[in-house]
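Q: You'll find upload00.cif just under this line, and it carries mmCIF, C-alpha atoms.
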```
data_model
#
loop_
_atom_site.group_PDB
_atom_site.id
_atom_site.type_symbol
_atom_site.label_atom_id
_atom_site.label_comp_id
_atom_site.auth_asym_id
_atom_site.auth_seq_id
_atom_site.Cartn_x
_atom_site.Cartn_y
_atom_site.Cartn_z
ATOM 1 C CA MET V 1 18.946 -6.277 47.554
ATOM 2 C CA HIS V 2 15.325 -5.895 48.611
ATOM 3 C CA HIS V 3 12.489 -7.314 46.604
ATOM 4 C CA THR V 4 8.740 -7.315 46.787
ATOM 5 C CA VAL V 5 6.134 -9.762 45.622
ATOM 6 C CA THR V 6 2.635 -8.529 44.942
ATOM 7 C CA THR V 7 -0.313 -10.825 44.409
ATOM 8 C CA SER V 8 -3.842 -10.035 43.297
ATOM 9 C CA THR V 9 -6.742 -12.191 44.415
ATOM 10 C CA SER V 10 -8.666 -11.541 41.191
ATOM 11 C CA ALA V 11 -9.372 -14.133 38.491
ATOM 12 C CA PRO V 12 -6.457 -16.269 37.237
ATOM 13 C CA GLY V 13 -4.092 -14.252 35.098
ATOM 14 C CA LEU V 14 -0.523 -13.702 34.058
ATOM 15 C CA VAL V 15 2.428 -14.146 36.387
ATOM 16 C CA VAL V 16 5.196 -11.723 35.403
ATOM 17 C CA LEU V 17 8.636 -10.709 36.606
ATOM 18 C CA ALA V 18 9.513 -6.995 36.650
ATOM 19 C CA VAL V 19 13.193 -5.990 36.703
ATOM 20 C CA ASP V 20 14.527 -2.449 37.156
ATOM 21 C CA ASP V 21 17.476 -1.213 39.193
ATOM 22 C CA GLU V 22 15.960 2.235 39.853
ATOM 23 C CA LYS V 23 13.232 2.693 42.461
ATOM 24 C CA ASP V 24 11.285 5.282 40.460
ATOM 25 C CA GLY V 25 11.429 3.100 37.372
ATOM 26 C CA MET V 26 10.293 0.055 39.347
ATOM 27 C CA ASP V 27 7.464 1.953 41.022
ATOM 28 C CA LEU V 28 6.097 3.062 37.648
ATOM 29 C CA LEU V 29 6.590 -0.364 36.072
ATOM 30 C CA LEU V 30 4.791 -2.010 38.979
ATOM 31 C CA GLU V 31 1.940 0.490 38.813
ATOM 32 C CA ARG V 32 1.438 -0.091 35.086
ATOM 33 C CA LEU V 33 1.568 -3.875 35.361
ATOM 34 C CA GLU V 34 -0.840 -3.959 38.283
ATOM 35 C CA GLY V 35 -3.089 -1.607 36.324
ATOM 36 C CA ASN V 36 -3.623 -4.245 33.644
ATOM 37 C CA ARG V 37 -6.578 -6.554 34.267
ATOM 38 C CA TYR V 38 -4.843 -9.621 32.832
ATOM 39 C CA VAL V 39 -1.838 -9.462 35.168
ATOM 40 C CA ARG V 40 -2.487 -11.365 38.393
ATOM 41 C CA ARG V 41 0.920 -11.462 40.029
ATOM 42 C CA VAL V 42 4.032 -9.308 39.712
ATOM 43 C CA ILE V 43 7.342 -10.480 41.142
ATOM 44 C CA THR V 44 9.916 -7.703 41.331
ATOM 45 C CA ALA V 45 13.706 -7.704 41.286
ATOM 46 C CA PHE V 46 16.091 -4.772 41.399
ATOM 47 C CA ASP V 47 18.780 -6.346 39.233
ATOM 48 C CA ALA V 48 19.137 -9.203 36.748
ATOM 49 C CA THR V 49 20.997 -11.457 39.171
ATOM 50 C CA GLU V 50 18.154 -11.221 41.682
ATOM 51 C CA ALA V 51 15.651 -11.889 38.890
ATOM 52 C CA LEU V 52 17.406 -15.120 37.923
ATOM 53 C CA ARG V 53 17.585 -16.064 41.609
ATOM 54 C CA HIS V 54 13.801 -15.747 41.814
ATOM 55 C CA LEU V 55 13.360 -18.041 38.823
ATOM 56 C CA ALA V 56 15.662 -20.661 40.316
ATOM 57 C CA GLY V 57 14.241 -20.353 43.846
ATOM 58 C CA ASP V 58 11.725 -22.304 45.888
ATOM 59 C CA ASP V 59 8.579 -20.271 45.224
ATOM 60 C CA PRO V 60 5.732 -22.867 45.292
ATOM 61 C CA GLU V 61 3.780 -21.370 42.399
ATOM 62 C CA LEU V 62 6.813 -20.991 40.159
ATOM 63 C CA ASN V 63 7.956 -24.528 40.928
ATOM 64 C CA ALA V 64 4.489 -25.863 40.120
ATOM 65 C CA ARG V 65 4.570 -24.047 36.772
ATOM 66 C CA ARG V 66 7.984 -25.496 35.991
ATOM 67 C CA ASP V 67 6.871 -29.024 36.904
ATOM 68 C CA SER V 68 3.803 -28.747 34.662
ATOM 69 C CA GLY V 69 5.881 -27.781 31.617
ATOM 70 C CA ARG V 70 4.806 -24.147 31.563
ATOM 71 C CA PRO V 71 7.172 -21.150 31.548
ATOM 72 C CA ILE V 72 8.341 -20.367 35.095
ATOM 73 C CA VAL V 73 6.732 -16.941 34.617
ATOM 74 C CA ASP V 74 4.615 -15.903 31.666
ATOM 75 C CA ALA V 75 6.710 -12.840 30.911
ATOM 76 C CA VAL V 76 9.696 -10.777 32.019
ATOM 77 C CA PHE V 77 9.461 -6.975 31.810
ATOM 78 C CA SER V 78 12.984 -5.659 32.182
ATOM 79 C CA ASP V 79 15.047 -2.512 31.905
ATOM 80 C CA LEU V 80 17.807 -2.878 29.309
ATOM 81 C CA LYS V 81 20.547 -0.886 31.045
ATOM 82 C CA MET V 82 21.392 -2.106 34.545
ATOM 83 C CA PRO V 83 24.637 -2.327 36.509
ATOM 84 C CA GLY V 84 26.223 -5.748 36.696
ATOM 85 C CA LEU V 85 24.331 -8.262 34.590
ATOM 86 C CA THR V 86 22.450 -6.245 31.958
ATOM 87 C CA GLY V 87 18.963 -6.876 30.686
ATOM 88 C CA MET V 88 20.452 -8.138 27.428
ATOM 89 C CA GLU V 89 22.727 -10.588 29.210
ATOM 90 C CA MET V 90 19.777 -11.787 31.292
ATOM 91 C CA ALA V 91 17.766 -12.277 28.085
ATOM 92 C CA LYS V 92 20.446 -14.600 26.743
ATOM 93 C CA VAL V 93 20.140 -16.702 29.886
ATOM 94 C CA LEU V 94 16.328 -16.722 29.670
ATOM 95 C CA ALA V 95 16.519 -17.853 26.040
ATOM 96 C CA GLY V 96 17.950 -21.123 27.357
ATOM 97 C CA PHE V 97 14.860 -21.844 29.468
ATOM 98 C CA LYS V 98 12.556 -24.429 27.884
ATOM 99 C CA PRO V 99 9.937 -23.088 27.578
ATOM 100 C CA SER V 100 11.211 -19.563 28.001
ATOM 101 C CA PRO V 101 9.160 -16.601 29.272
ATOM 102 C CA VAL V 102 8.075 -13.879 26.877
ATOM 103 C CA LEU V 103 10.419 -10.879 26.904
ATOM 104 C CA VAL V 104 9.439 -7.206 27.002
ATOM 105 C CA PHE V 105 12.111 -4.546 27.429
ATOM 106 C CA ILE V 106 11.809 -1.063 28.866
ATOM 107 C CA THR V 107 14.074 1.176 26.802
ATOM 108 C CA GLY V 108 15.544 4.595 27.318
ATOM 109 C CA HIS V 109 16.807 7.136 24.797
ATOM 110 C CA GLY V 110 19.822 5.957 22.783
ATOM 111 C CA GLU V 111 19.306 2.226 23.365
ATOM 112 C CA GLY V 112 18.258 1.439 19.801
ATOM 113 C CA ASN V 113 21.124 -0.946 19.052
ATOM 114 C CA ASP V 114 20.263 -2.952 22.146
ATOM 115 C CA ALA V 115 16.607 -3.066 21.087
ATOM 116 C CA VAL V 116 17.586 -4.559 17.738
ATOM 117 C CA GLU V 117 19.667 -7.239 19.480
ATOM 118 C CA ALA V 118 16.817 -7.884 21.911
ATOM 119 C CA PHE V 119 14.482 -8.531 18.992
ATOM 120 C CA GLU V 120 16.901 -11.184 17.764
ATOM 121 C CA LEU V 121 16.588 -12.842 21.175
ATOM 122 C CA GLY V 122 12.801 -12.993 20.836
ATOM 123 C CA ALA V 123 11.573 -9.871 22.629
ATOM 124 C CA VAL V 124 7.993 -9.068 21.574
ATOM 125 C CA ASP V 125 7.926 -5.398 22.554
ATOM 126 C CA PHE V 126 10.061 -2.427 23.568
ATOM 127 C CA ILE V 127 8.375 0.129 25.803
ATOM 128 C CA PRO V 128 9.941 3.606 25.830
ATOM 129 C CA LYS V 129 10.371 5.386 29.153
ATOM 130 C CA PRO V 130 8.278 6.707 30.751
ATOM 131 C CA CYS V 131 5.526 4.174 30.074
ATOM 132 C CA ASP V 132 1.860 5.101 30.198
ATOM 133 C CA GLN V 133 -0.959 2.625 30.900
ATOM 134 C CA THR V 134 -2.164 2.422 27.305
ATOM 135 C CA ARG V 135 1.314 1.481 26.107
ATOM 136 C CA MET V 136 1.674 -1.125 28.841
ATOM 137 C CA ASP V 137 -1.716 -2.633 27.987
ATOM 138 C CA ARG V 138 -0.601 -2.987 24.383
ATOM 139 C CA ALA V 139 2.582 -4.751 25.499
ATOM 140 C CA VAL V 140 0.624 -7.155 27.714
ATOM 141 C CA GLN V 141 -1.629 -7.969 24.764
ATOM 142 C CA ARG V 142 1.465 -8.817 22.720
ATOM 143 C CA VAL V 143 2.610 -11.114 25.508
ATOM 144 C CA ILE V 144 -0.759 -12.873 25.474
ATOM 145 C CA SER V 145 -0.663 -13.198 21.689
ATOM 146 C CA LYS V 146 2.796 -14.789 21.897
ATOM 147 C CA LEU V 147 1.733 -17.205 24.622
ATOM 148 C CA ARG V 148 -1.343 -18.157 22.665
ATOM 149 C CA GLY V 149 0.723 -18.723 19.510
ATOM 150 C CA ASP V 150 3.152 -20.958 21.420
ATOM 151 C CA GLY V 151 0.332 -22.969 22.992
ATOM 152 C CA MET V 152 1.291 -21.710 26.442
ATOM 153 C CA ALA V 153 -1.698 -19.463 27.148
ATOM 154 C CA GLY V 154 -3.039 -19.610 30.662
ATOM 155 C CA GLU V 155 -6.651 -18.994 31.624
ATOM 156 C CA ALA V 156 -6.396 -15.220 31.471
ATOM 157 C CA ALA V 157 -4.617 -15.307 28.131
ATOM 158 C CA ALA V 158 -7.168 -17.701 26.679
ATOM 159 C CA ALA V 159 -9.987 -15.491 27.916
ATOM 160 C CA THR V 160 -8.735 -12.618 25.797
ATOM 161 C CA ALA V 161 -8.983 -14.583 22.553
ATOM 162 C CA ALA V 162 -12.636 -13.718 22.070
ATOM 163 C CA ALA V 163 -12.526 -10.353 23.824
ATOM 164 C CA GLU V 164 -9.616 -8.732 22.001
ATOM 165 C CA PRO V 165 -7.869 -9.198 18.646
ATOM 166 C CA SER V 166 -4.357 -10.610 18.513
ATOM 167 C CA ASP V 167 -1.856 -7.772 18.632
ATOM 168 C CA ASP V 168 0.991 -7.170 16.233
ATOM 169 C CA GLU V 169 4.592 -8.026 16.887
ATOM 170 C CA VAL V 170 6.882 -5.048 16.372
ATOM 171 C CA ILE V 171 10.346 -4.962 14.836
ATOM 172 C CA PRO V 172 12.845 -2.323 16.000
ATOM 173 C CA VAL V 173 14.833 -0.635 13.230
ATOM 174 C CA GLU V 174 17.501 2.048 13.486
ATOM 175 C CA LEU V 175 16.868 5.293 11.581
ATOM 176 C CA ALA V 176 19.475 8.024 11.990
ATOM 177 C CA GLY V 177 20.089 7.162 15.643
ATOM 178 C CA THR V 178 16.402 6.745 16.445
ATOM 179 C CA THR V 179 14.702 3.421 17.056
ATOM 180 C CA LYS V 180 11.459 3.013 15.145
ATOM 181 C CA LEU V 181 9.064 0.148 15.841
ATOM 182 C CA ILE V 182 7.635 -1.377 12.650
ATOM 183 C CA PRO V 183 4.409 -3.397 13.076
ATOM 184 C CA ARG V 184 4.652 -6.824 11.488
ATOM 185 C CA SER V 185 1.263 -6.244 9.817
ATOM 186 C CA SER V 186 2.750 -3.361 7.804
ATOM 187 C CA VAL V 187 5.362 -5.620 6.166
ATOM 188 C CA ARG V 188 4.497 -6.361 2.513
ATOM 189 C CA TRP V 189 7.425 -8.678 1.832
ATOM 190 C CA VAL V 190 10.911 -9.416 3.160
ATOM 191 C CA GLU V 191 14.074 -9.798 1.097
ATOM 192 C CA ALA V 192 17.256 -11.521 2.259
ATOM 193 C CA GLN V 193 20.434 -9.482 2.102
ATOM 194 C CA GLY V 194 23.222 -11.698 3.380
ATOM 195 C CA ASP V 195 22.829 -12.183 7.133
ATOM 196 C CA TYR V 196 20.360 -9.282 7.168
ATOM 197 C CA ALA V 197 16.790 -8.900 5.952
ATOM 198 C CA ARG V 198 15.095 -5.908 4.346
ATOM 199 C CA LEU V 199 11.488 -5.257 5.330
ATOM 200 C CA PHE V 200 9.357 -3.588 2.679
ATOM 201 C CA THR V 201 6.354 -1.543 3.801
ATOM 202 C CA ASN V 202 4.139 1.040 2.128
ATOM 203 C CA GLU V 203 6.370 3.764 3.619
ATOM 204 C CA GLY V 204 9.682 2.352 2.413
ATOM 205 C CA SER V 205 12.162 -0.343 3.369
ATOM 206 C CA HIS V 206 14.132 -1.083 6.526
ATOM 207 C CA LEU V 207 17.222 -3.239 7.007
ATOM 208 C CA VAL V 208 17.239 -5.414 10.133
ATOM 209 C CA ARG V 209 20.052 -7.482 11.547
ATOM 210 C CA ILE V 210 18.316 -10.836 11.444
ATOM 211 C CA PRO V 211 18.550 -13.684 8.875
ATOM 212 C CA LEU V 212 15.551 -14.434 6.671
ATOM 213 C CA ALA V 213 15.436 -18.029 7.944
ATOM 214 C CA GLN V 214 14.967 -16.788 11.508
ATOM 215 C CA LEU V 215 12.139 -14.479 10.462
ATOM 216 C CA GLU V 216 10.550 -17.343 8.522
ATOM 217 C CA GLU V 217 10.477 -19.519 11.633
ATOM 218 C CA ARG V 218 9.300 -16.709 13.870
ATOM 219 C CA TRP V 219 6.528 -15.448 11.574
ATOM 220 C CA GLU V 220 5.217 -18.726 10.199
ATOM 221 C CA LYS V 221 2.212 -18.735 12.529
ATOM 222 C CA ALA V 222 1.442 -15.157 11.483
ATOM 223 C CA GLY V 223 0.933 -16.314 7.885
ATOM 224 C CA PHE V 224 4.313 -15.537 6.338
ATOM 225 C CA VAL V 225 5.516 -18.077 3.766
ATOM 226 C CA ARG V 226 8.898 -18.612 2.099
ATOM 227 C CA ILE V 227 8.558 -18.428 -1.686
ATOM 228 C CA HIS V 228 12.242 -18.225 -2.610
ATOM 229 C CA ARG V 229 15.606 -18.374 -0.888
ATOM 230 C CA SER V 230 15.533 -14.566 -0.972
ATOM 231 C CA TYR V 231 11.862 -13.794 -0.243
ATOM 232 C CA LEU V 232 9.319 -14.154 2.554
ATOM 233 C CA VAL V 233 5.765 -12.859 2.059
ATOM 234 C CA PRO V 234 2.485 -12.763 4.018
ATOM 235 C CA ILE V 235 0.236 -15.232 2.210
ATOM 236 C CA ASN V 236 -2.848 -13.047 2.654
ATOM 237 C CA LEU V 237 -1.242 -10.390 0.400
ATOM 238 C CA ILE V 238 -0.696 -12.781 -2.515
ATOM 239 C CA THR V 239 -3.277 -11.856 -5.157
ATOM 240 C CA GLU V 240 -1.986 -14.006 -8.029
ATOM 241 C CA LEU V 241 0.302 -16.962 -8.706
ATOM 242 C CA GLN V 242 1.418 -16.739 -12.339
ATOM 243 C CA LEU V 243 3.443 -19.019 -14.608
ATOM 244 C CA GLY V 244 5.781 -17.298 -17.047
ATOM 245 C CA GLY V 245 8.747 -18.141 -19.206
ATOM 246 C CA ASN V 246 11.086 -18.085 -16.193
ATOM 247 C CA GLY V 247 8.811 -20.053 -13.877
ATOM 248 C CA TYR V 248 6.275 -18.981 -11.282
ATOM 249 C CA HIS V 249 5.989 -15.639 -9.568
ATOM 250 C CA VAL V 250 3.506 -14.120 -7.158
ATOM 251 C CA VAL V 251 1.773 -10.769 -7.313
ATOM 252 C CA ILE V 252 1.701 -8.891 -4.002
ATOM 253 C CA GLY V 253 -1.222 -6.634 -3.064
ATOM 254 C CA GLU V 254 -2.504 -3.538 -4.770
ATOM 255 C CA GLU V 255 0.971 -2.422 -5.770
ATOM 256 C CA GLU V 256 1.123 -5.545 -7.986
ATOM 257 C CA ARG V 257 4.724 -6.180 -7.046
ATOM 258 C CA LYS V 258 5.956 -9.397 -8.700
ATOM 259 C CA LEU V 259 8.321 -11.685 -6.803
ATOM 260 C CA PRO V 260 9.855 -14.952 -8.073
ATOM 261 C CA VAL V 261 8.884 -18.352 -6.667
ATOM 262 C CA SER V 262 11.637 -20.941 -6.677
ATOM 263 C CA ARG V 263 10.940 -24.455 -7.894
ATOM 264 C CA ARG V 264 11.580 -25.996 -4.477
ATOM 265 C CA HIS V 265 8.952 -23.740 -2.855
ATOM 266 C CA THR V 266 6.285 -23.953 -5.581
ATOM 267 C CA ARG V 267 4.439 -27.065 -4.394
ATOM 268 C CA GLU V 268 4.271 -25.946 -0.753
ATOM 269 C CA LEU V 269 3.062 -22.504 -1.818
ATOM 270 C CA LYS V 270 0.332 -24.024 -4.008
ATOM 271 C CA ASP V 271 -0.753 -26.219 -1.101
ATOM 272 C CA ARG V 272 -0.882 -23.222 1.254
ATOM 273 C CA ILE V 273 -2.911 -21.207 -1.236
ATOM 274 C CA THR V 274 -5.305 -24.123 -1.775
ATOM 275 C CA ARG V 275 -5.837 -24.541 1.978
ATOM 276 C CA ARG V 276 -6.421 -20.824 2.236
ATOM 277 C CA GLY V 277 -9.100 -20.954 -0.469
ATOM 278 C CA GLY V 278 -7.277 -19.680 -3.522
ATOM 279 C CA VAL V 279 -6.071 -16.235 -4.581
#
```
Would it be possible to restate this file's structure as structure tokens?

A:
Amino acid sequence: MHHTVTTSTSAPGLVVLAVDDEKDGMDLLLERLEGNRYVRRVITAFDATEALRHLAGDDPELNARRDSGRPIVDAVFSDLKMPGLTGMEMAKVLAGFKPSPVLVFITGHGEGNDAVEAFELGAVDFIPKPCDQTRMDRAVQRVISKLRGDGMAGEAAAATAAAEPSDDEVIPVELAGTTKLIPRSSVRWVEAQGDYARLFTNEGSHLVRIPLAQLEERWEKAGFVRIHRSYLVPINLITELQLGGNGYHVVIGEEERKLPVSRRHTRELKDRITRRGGV
């Protein structure tokens, strides 16, 4: 299988791996990635097996990154549906890399279930085909935000901290056979429902196939705090912490939704609120 490696001589930036089994899809993906000013180098592979071969190969720059404790590449942009090893199966392999690259998937119509599973594996964005430059730029910004949050930002990623705001993570949810991407910033609170979690937004609620504990770990740096075994809330939306006959509860935002605070989470919540400057 043929592959190409393209390198820009511009300022230091992101090193990414692009994976697509179709030439037209790869050509467009490559054009969009190279059209982003923060992407310095794009390594391409026409199937997942070739992509993993690149990451395990003898490329001097990739080996230097590995030896320095950085991700072998900053991000992998991959098609979901490919013959042989699929994008999802490749993602499971990449999840074992320490540290692992950031994942962005290119999705076609009818791949919503795969997008939900990809989110569980840590993907930060899902770009619908065909991708335009604005949508790609947004995805790259999400990659940079993730790298910065993990302490793995390179020079180009660090340079964006002052120039551009941190972008939202998105959560794919299935609605009548259509995949909708819910921005994390729109989530008012999250409620555990068994091994699932229900996201509450101003527009309604959405059930996602991911445990509350996993969301808690993933969103901690975004300001979400566990207040109860069943509830996760963004601390910036807490307007009051009240003591009643049944213990503490918090008031969320303008809707004044009241949620219980368990005894085991009360002290940590008070400490977080105090550090934040009160409610």

Q: When you count only C-alpha atoms, which of these residues is closest to Val190 (chain V): V:Lys221, V:His249, V:Arg53, V:His228?

A: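 For Val190 (chain V), the nearest of the given residues is V:His228.
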
Q: Written as number ranges by chain, which residues does the PyMOL selection byres ((chain V and resi 55) around 10) give for the file shown?

A: V: 17, 43, 50-54, 56-59, 62-63, 66, 72-73, 94

Q: Find, counting only C-alpha atoms, the residue in V:Asn36, V:Asp20, V:Gly204, V:Gly25 that gets nearest to Asp79 (chain V).

A: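 The closest residue to Asp79 (chain V) is V:Asp20.
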
Q: Please evaluate the PyMOL selection byres ((chain V and resi 103-108) around 6) against the displayed coordinates and give the resulting residues as a list in words.

A: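 The output of the PyMOL selection byres ((chain V and resi 103-108) around 6) on this file is Ala75, Val76, Phe77, Ser78, Asp79, Val102, His109, Glu111, Ala123, Val124, Asp125, Phe126, Ile127, Pro128 and Lys129 of chain V.
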
Q: Suppose you want the space between CA of Leu85 (chain V) and CA of Glu120 (chain V); what is it in Å?

A: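 Taking CA of Leu85 (chain V) as the start and CA of Glu120 (chain V) as the end point, the length is 18.6 Å.
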
Q: Using all atoms listed in the file, which of the listed residues (V:Leu14, V:Gly35, V:Ile238, V:Val208) sits closest to Lys180 (chain V)?

A: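 Closest to Lys180 (chain V) of all the choices is V:Val208.
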
Q: With 3 Å added on each side, what axis-aligned box encloses every listed atom of region 250-261 of chain V? Give the centre and edge lengths in Å to one decimal, as JSON.

A:
```
{"center_x": 3.7, "center_y": -10.4, "center_z": -5.9, "size_x": 18.4, "size_y": 21.9, "size_z": 11.6}
```

Q: Using the chain letters and residue numbers of this document, give as a VMD selection string the residues selected by the PyMOL selection byres ((chain V and resi 138) around 12).

A: chain V and resid 32 to 33 36 38 104 124 to 127 131 to 137 139 to 145 164 to 170

Q: So which one's closest to Gln214 (chain V), V:Ala18, V:Ala95, V:Ala197, V:Ala64? Using all atoms listed in the file, please.

A: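 Smallest separation from Gln214 (chain V) among the options: V:Ala197.
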
Q: Could you tell me how far CA of Pro260 (chain V) lies from CA of Leu212 (chain V), in Å and to one decimal?

A: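 Between these atoms lies a distance of 15.8 Å.
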
Q: Between CA of Val16 (chain V) and CA of Leu29 (chain V), what distance in Å does the model show, to one decimal?

A: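 Result for CA of Val16 (chain V) versus CA of Leu29 (chain V): 11.5 Å, one decimal.
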
Q: Which residue is closest to Val173 (chain V)? Choose from V:Thr266, V:Gln193, V:Ser205, V:Thr274 and count all atoms listed in the file.

A: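 Among the listed residues, V:Ser205 lies closest to Val173 (chain V).
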
Q: Show me the residues close to (14.1, -14.6, 17.8) - anything with an atom within 9 Å, counting only C-alpha atoms - and format the list as a PyMOL selection string.

A: chain V and resi 118-123+210+214-215+217-218

Q: Thr239 (chain V): which residues within 8 Å, counting only C-alpha atoms, same-chain residues fewer than 5 positions away excluded, as a JSON list (two decimals) with C-alpha atoms, keeping the file's coordinate frame?

A:
```
[["chain", "number", "residue", "atom", "x", "y", "z"],
["V", 250, "VAL", "CA", 3.51, -14.12, -7.16],
["V", 251, "VAL", "CA", 1.77, -10.77, -7.31],
["V", 252, "ILE", "CA", 1.70, -8.89, -4.00],
["V", 253, "GLY", "CA", -1.22, -6.63, -3.06],
["V", 279, "VAL", "CA", -6.07, -16.24, -4.58]]
```
